[in-house]
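Below is entry-v8.cif, holding mmCIF, C-alpha atoms and all ligand atoms.
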data_model
#
loop_
_atom_site.label_atom_id
_atom_site.label_comp_id
_atom_site.auth_asym_id
_atom_site.auth_seq_id
_atom_site.Cartn_x
_atom_site.Cartn_y
_atom_site.Cartn_z
CA MET A 73 -12.74 -25.80 -15.50
CA ILE A 74 -15.96 -24.19 -16.69
CA ALA A 75 -17.90 -26.35 -19.17
CA CYS A 76 -15.41 -29.24 -18.99
CA ALA A 77 -16.57 -32.84 -18.75
CA CYS A 78 -13.12 -34.46 -18.31
CA PRO A 79 -12.56 -37.10 -15.60
CA VAL A 80 -10.98 -34.51 -13.27
CA CYS A 81 -13.73 -31.90 -13.66
CA THR A 82 -16.45 -34.53 -13.10
CA SER A 83 -14.59 -36.38 -10.31
CA THR A 84 -16.42 -37.04 -7.05
CA ASN A 85 -13.13 -36.80 -5.10
CA LYS A 86 -13.17 -33.36 -3.41
CA LYS A 87 -9.41 -33.11 -3.93
CA ASP A 88 -10.05 -32.85 -7.69
CA ASN A 89 -12.25 -29.82 -7.07
CA ARG A 90 -9.99 -26.78 -6.89
CA LEU A 91 -10.39 -23.03 -6.63
CA ARG A 92 -7.60 -20.69 -7.77
CA SER A 93 -4.19 -20.83 -6.02
CA SER A 94 -3.74 -18.95 -2.77
CA ILE A 95 -2.62 -19.65 0.79
CA LEU A 96 -3.42 -18.25 4.21
CA VAL A 97 -0.54 -17.89 6.68
CA GLN A 98 -1.28 -17.45 10.35
CA SER A 99 0.92 -16.81 13.40
CA ALA A 100 -0.05 -16.14 17.01
CA ASN A 101 -1.17 -12.61 16.19
CA THR A 102 -1.12 -12.13 12.42
CA THR A 103 -3.17 -13.54 9.55
CA LEU A 104 -2.25 -12.89 5.93
CA VAL A 105 -3.19 -14.26 2.55
CA VAL A 106 -0.90 -14.65 -0.47
CA ASP A 107 -2.77 -13.31 -3.54
CA SER A 108 -6.46 -12.42 -3.85
CA THR A 109 -7.75 -14.77 -6.52
CA PRO A 110 -11.08 -14.45 -8.35
CA ASP A 111 -12.24 -16.98 -5.71
CA PHE A 112 -11.00 -14.86 -2.76
CA ARG A 113 -14.49 -14.11 -1.41
CA TYR A 114 -15.58 -17.74 -1.40
CA GLN A 115 -12.20 -18.90 -0.08
CA MET A 116 -12.53 -16.55 2.92
CA LEU A 117 -16.14 -17.62 3.51
CA ARG A 118 -15.29 -21.31 3.18
CA ALA A 119 -12.36 -21.11 5.60
CA LYS A 120 -14.35 -18.79 7.93
CA VAL A 121 -11.56 -16.21 8.03
CA LYS A 122 -12.87 -13.64 10.49
CA ARG A 123 -9.77 -11.50 10.55
CA LEU A 124 -7.27 -10.66 7.85
CA ASP A 125 -4.35 -8.30 8.46
CA ALA A 126 -2.73 -8.20 5.03
CA ILE A 127 -2.53 -9.54 1.51
CA ILE A 128 0.86 -10.06 -0.10
CA PHE A 129 1.13 -10.47 -3.86
CA THR A 130 3.26 -12.74 -6.02
CA HIS A 131 2.52 -11.11 -9.39
CA PRO A 132 -0.23 -9.17 -11.15
CA HIS A 133 -1.89 -11.85 -13.29
CA LYS A 134 -5.67 -11.74 -13.08
CA ASP A 135 -5.98 -15.15 -11.40
CA HIS A 136 -3.90 -13.75 -8.52
CA ILE A 137 -5.42 -10.28 -8.02
CA ALA A 138 -9.04 -10.30 -9.26
CA GLY A 139 -10.67 -10.85 -5.86
CA LEU A 140 -9.21 -7.77 -4.22
CA ASP A 141 -12.50 -5.83 -4.28
CA ASP A 142 -13.89 -8.14 -1.60
CA VAL A 143 -11.56 -6.83 1.11
CA ARG A 144 -14.46 -4.39 1.59
CA ALA A 145 -15.95 -6.81 4.10
CA TYR A 146 -12.83 -6.65 6.30
CA ASN A 147 -12.75 -2.84 5.91
CA PHE A 148 -16.32 -2.72 7.15
CA PHE A 149 -15.65 -4.71 10.32
CA THR A 150 -12.24 -3.26 11.20
CA ARG A 151 -12.85 0.31 9.89
CA ARG A 152 -9.28 0.17 8.62
CA PRO A 153 -7.78 -0.11 5.14
CA MET A 154 -6.42 -3.52 4.11
CA GLU A 155 -2.62 -3.61 4.12
CA ILE A 156 -1.36 -4.70 0.72
CA PHE A 157 2.28 -5.72 0.17
CA ALA A 158 3.29 -5.80 -3.49
CA ASN A 159 6.19 -4.84 -5.70
CA GLU A 160 5.94 -1.84 -8.03
CA MET A 161 5.00 -3.93 -11.07
CA THR A 162 2.05 -5.51 -9.24
CA GLN A 163 0.97 -2.20 -7.67
CA GLU A 164 0.75 -0.58 -11.12
CA VAL A 165 -1.68 -3.24 -12.29
CA ILE A 166 -3.72 -3.12 -9.07
CA ILE A 167 -4.12 0.65 -9.47
CA ARG A 168 -5.11 0.21 -13.12
CA GLU A 169 -7.55 -2.65 -12.46
CA PHE A 170 -9.21 -1.12 -9.38
CA PRO A 171 -9.04 2.63 -10.19
CA TYR A 172 -12.13 3.42 -8.10
CA ALA A 173 -10.27 2.33 -4.95
CA PHE A 174 -7.63 4.99 -5.62
CA ALA A 175 -9.85 7.86 -6.83
CA ASP A 176 -9.53 11.27 -5.13
CA THR A 177 -13.25 11.28 -4.42
CA LYS A 178 -14.31 7.76 -3.61
CA TYR A 179 -17.78 6.33 -3.98
CA PRO A 180 -18.89 5.11 -0.52
CA GLY A 181 -18.24 1.41 0.06
CA VAL A 182 -15.33 0.95 -2.32
CA PRO A 183 -12.46 -1.18 -0.97
CA GLU A 184 -9.98 0.67 1.20
CA ILE A 185 -6.44 -0.35 0.44
CA ARG A 186 -3.06 0.77 1.78
CA LEU A 187 -0.19 -0.05 -0.54
CA ASN A 188 3.15 -1.11 0.97
CA THR A 189 6.02 -1.48 -1.48
CA ILE A 190 8.19 -4.56 -1.31
CA ALA A 191 11.17 -5.55 -3.44
CA PHE A 192 13.67 -8.33 -2.70
CA ASP A 193 14.50 -7.49 0.92
CA GLU A 194 12.97 -9.25 3.88
CA PHE A 195 9.88 -7.48 5.25
CA ILE A 196 7.64 -8.05 8.26
CA VAL A 197 3.86 -8.28 8.42
CA GLY A 198 2.73 -8.17 12.07
CA ASP A 199 5.03 -10.72 13.70
CA ILE A 200 5.77 -12.68 10.49
CA PRO A 201 9.15 -12.06 8.79
CA ILE A 202 8.95 -12.76 5.05
CA GLN A 203 11.81 -13.28 2.60
CA PRO A 204 10.86 -12.67 -1.05
CA ILE A 205 12.37 -15.05 -3.61
CA LEU A 206 12.63 -14.04 -7.27
CA VAL A 207 11.35 -16.70 -9.67
CA TRP A 208 10.61 -16.48 -13.40
CA HIS A 209 7.19 -16.90 -15.04
CA MET A 210 8.44 -16.94 -18.63
CA LYS A 211 9.69 -13.33 -18.79
CA MET A 212 7.78 -12.02 -15.78
CA PRO A 213 9.55 -11.73 -12.41
CA VAL A 214 7.32 -13.32 -9.77
CA LEU A 215 7.83 -13.30 -6.01
CA GLY A 216 7.91 -16.49 -4.00
CA PHE A 217 7.91 -16.08 -0.24
CA ARG A 218 9.77 -17.83 2.56
CA PHE A 219 8.17 -17.77 6.03
CA GLY A 220 10.74 -19.36 8.37
CA ASP A 221 10.92 -23.05 7.42
CA PHE A 222 8.07 -22.78 4.92
CA THR A 223 8.44 -21.58 1.32
CA TYR A 224 5.59 -20.83 -1.12
CA ILE A 225 6.26 -20.51 -4.84
CA THR A 226 3.62 -20.29 -7.52
CA ASP A 227 3.64 -19.39 -11.22
CA ALA A 228 7.28 -20.19 -11.95
CA ASN A 229 9.04 -22.07 -14.70
CA ARG A 230 12.61 -21.12 -13.80
CA ILE A 231 14.58 -20.25 -10.64
CA ASP A 232 18.05 -18.70 -10.75
CA GLU A 233 20.84 -20.37 -8.76
CA ALA A 234 21.22 -17.48 -6.31
CA GLU A 235 17.51 -17.56 -5.49
CA LYS A 236 17.55 -21.35 -5.02
CA GLN A 237 19.90 -20.68 -2.13
CA LYS A 238 17.05 -18.85 -0.36
CA ILE A 239 14.83 -21.93 -0.59
CA ARG A 240 17.41 -24.45 0.64
CA GLY A 241 16.96 -25.43 4.28
CA SER A 242 13.17 -25.06 4.16
CA LYS A 243 11.33 -27.93 5.84
CA VAL A 244 8.29 -27.55 3.62
CA VAL A 245 7.97 -26.08 0.13
CA VAL A 246 4.86 -25.45 -1.93
CA LEU A 247 5.70 -25.28 -5.63
CA ASN A 248 3.66 -24.96 -8.80
CA ALA A 249 3.25 -27.98 -11.10
CA LEU A 250 0.73 -27.37 -13.87
CA ARG A 251 0.56 -30.61 -15.87
CA LYS A 252 2.78 -33.26 -17.46
CA GLU A 253 3.10 -31.60 -20.88
CA SER A 254 5.54 -28.71 -21.12
CA HIS A 255 4.20 -25.18 -20.70
CA ILE A 256 5.63 -21.80 -21.62
CA SER A 257 5.44 -20.28 -18.11
CA HIS A 258 4.77 -23.02 -15.54
CA PHE A 259 6.80 -25.96 -14.22
CA THR A 260 5.62 -29.38 -15.36
CA LEU A 261 5.20 -32.18 -12.83
CA ASP A 262 8.65 -33.61 -13.67
CA GLU A 263 10.33 -30.20 -13.52
CA ALA A 264 8.77 -29.51 -10.11
CA VAL A 265 9.90 -32.92 -8.80
CA ALA A 266 13.43 -32.24 -10.06
CA ILE A 267 13.58 -28.86 -8.25
CA VAL A 268 12.42 -30.40 -4.96
CA LYS A 269 15.05 -33.15 -5.25
CA GLU A 270 17.78 -30.68 -6.18
CA LEU A 271 16.97 -28.41 -3.24
CA GLN A 272 16.56 -31.41 -0.89
CA VAL A 273 13.46 -30.02 0.80
CA PRO A 274 12.06 -32.97 2.81
CA GLN A 275 8.36 -32.22 2.25
CA ALA A 276 6.83 -30.65 -0.86
CA TYR A 277 3.30 -29.95 -2.01
CA PHE A 278 2.41 -29.06 -5.58
CA THR A 279 -0.10 -26.33 -6.39
CA HIS A 280 -1.51 -24.32 -9.36
CA ILE A 281 -2.57 -27.64 -10.87
CA SER A 282 -4.44 -27.82 -14.19
CA HIS A 283 -7.25 -30.29 -14.78
CA GLN A 284 -4.93 -31.59 -17.51
CA LEU A 285 -2.61 -33.07 -14.86
CA GLY A 286 -4.94 -36.00 -14.10
CA LYS A 287 -6.82 -37.19 -11.03
CA HIS A 288 -5.42 -36.35 -7.60
CA GLU A 289 -5.22 -39.91 -6.38
CA ASP A 290 -3.59 -41.29 -9.56
CA ILE A 291 -0.93 -38.57 -9.72
CA ASN A 292 -0.25 -38.62 -5.98
CA ASN A 293 0.52 -42.33 -6.21
CA GLU A 294 3.14 -41.67 -8.90
CA LEU A 295 5.05 -39.13 -6.81
CA PRO A 296 8.23 -39.93 -4.84
CA PRO A 297 8.17 -40.00 -1.02
CA GLY A 298 7.98 -36.53 0.52
CA ILE A 299 6.18 -35.03 -2.48
CA GLU A 300 2.38 -34.74 -2.67
CA LEU A 301 -0.22 -32.79 -4.54
CA ALA A 302 -1.77 -30.03 -2.46
CA TYR A 303 -5.56 -29.74 -2.33
CA ASP A 304 -8.08 -27.12 -1.28
CA GLY A 305 -8.35 -27.01 2.50
CA LEU A 306 -4.90 -28.55 3.11
CA PHE A 307 -3.77 -27.34 6.56
CA LEU A 308 -0.13 -27.47 7.71
CA THR A 309 1.36 -26.67 11.10
CA ILE A 310 4.99 -25.55 10.81
ZN ZN A 401 0.62 -16.10 -13.52
ZN ZN A 402 -1.50 -18.21 -11.88
#
Using the file provided, produce a representation of the structure as structure tokens.
Amino acid sequence: MIACACPVCTSTNKKDNRLRSSILVQSANTTLVVDSTPDFRYQMLRAKVKRLDAIIFTHPHKDHIAGLDDVRAYNFFTRRPMEIFANEMTQEVIIREFPYAFADTKYPGVPEIRLNTIAFDEFIVGDIPIQPILVWHMKMPVLGFRFGDFTYITDANRIDEAEKQKIRGSKVVVLNALRKESHISHFTLDEAVAIVKELQVPQAYFTHISHQLGKHEDINNELPPGIELAYDGLFLTI
């Protein structure tokens, strides 16, 4: 956190040093990213992502969309618009926040974006089938996504029973766990642990972690088997 001198923010363990929450999903012929955070540009540079076919969005909060302008680099090399998959609520905000990308007469060099509307039905990006999962972020509906045996959920504090059914059977789940103290729109560490146990997913990683949670190593040691904190650069083969 900017200007913070807490033990997490001043830690020398790289796993305590986090950018905003996002994942990259790659198959044999398709590469996509979930959300374009304010750190999107640096995340793509850091992971040396040479090719990106699409961005799919969970919800329109600024920490999940703000980096969208930087798809310009991919536009430049591919000479194609970036494929964006988002529900109507998120599209409305994207159009409002990046109006210059949707203007009738565009200034040269603005990001080129093609909007694809998703709802709750399965959709396919390249060769990757994706099942949206509705989760609640206080009153905001947010989309989690299931990719085969892997499920990614961020920015939730409640999941309806019917949607839990869509997560069951996953081999790996990524779930948000903000901190130990309760929060109005994010799962706490204990709440996230309880969901993983209830759904009996054998391996879970927690994301969207606040510096208030505590140091990576300390918290990781408190977690039950099969549950770990995620960290920047974590790479999983499913
Ligand atoms: Zn949010
Ligand atoms: Zn967020």
Next on the checklist: Could you tell me how far atom CA of A:His136 sits from atom CA of A:Ile166, in Å to one decimal place?
Outcome noted: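 Taking atom CA of A:Ile166 as the start and atom CA of A:His136 as the end point, the length is 10.6 Å.
The nearest approach to ligand ZN 402 (chain A) among the residues A:Phe307, A:Phe217, A:Tyr277, A:Phe259, with only C-alpha atoms and all ligand atoms taken into account, belongs to A:Phe259.
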Checklist entry - Given a cut-off of 9 Å, what residues near ligand ZN 401 (chain A) show up using all atoms listed in the file, put as number ranges by chain? => result A: 130-136, 209, 212, 214, 226-228, 257-258
Item to check | d(atom CA of A:Ser282, atom CA of A:Lys252) in Å | outcome: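 The value is 9.6 Å.
Closest approach to A:Lys269 among A:Asn293, A:Ala249, A:Gly298, A:Lys211 is made by A:Gly298 (distances from all atoms listed in the file).
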Next on the checklist: Nearest residue to A:Arg240 out of A:Leu271, A:Ala276, A:Ala100, A:Leu295, using only C-alpha atoms?
Outcome noted: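 Nearest to A:Arg240: A:Leu271.
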Checklist entry - So which one's closest to A:Trp208, A:Asp125, A:Glu253, A:Asp88, A:Asp232? Using all atoms listed in the file, please. => result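 Selected residue with least distance to A:Trp208: A:Asp232.
Nearest residue to ligand ZN 402 (chain A), choosing from A:Leu104, A:Ala175, A:Ile281, A:Leu124 and counting only C-alpha atoms and all ligand atoms: A:Ile281.
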Next on the checklist: Here is a test: counting only C-alpha atoms, which residue of A:Glu294, A:Glu300, A:Glu169, A:Asp221 is nearest to A:Leu247?
Outcome noted: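 For A:Leu247, the nearest of the candidates is A:Glu300.
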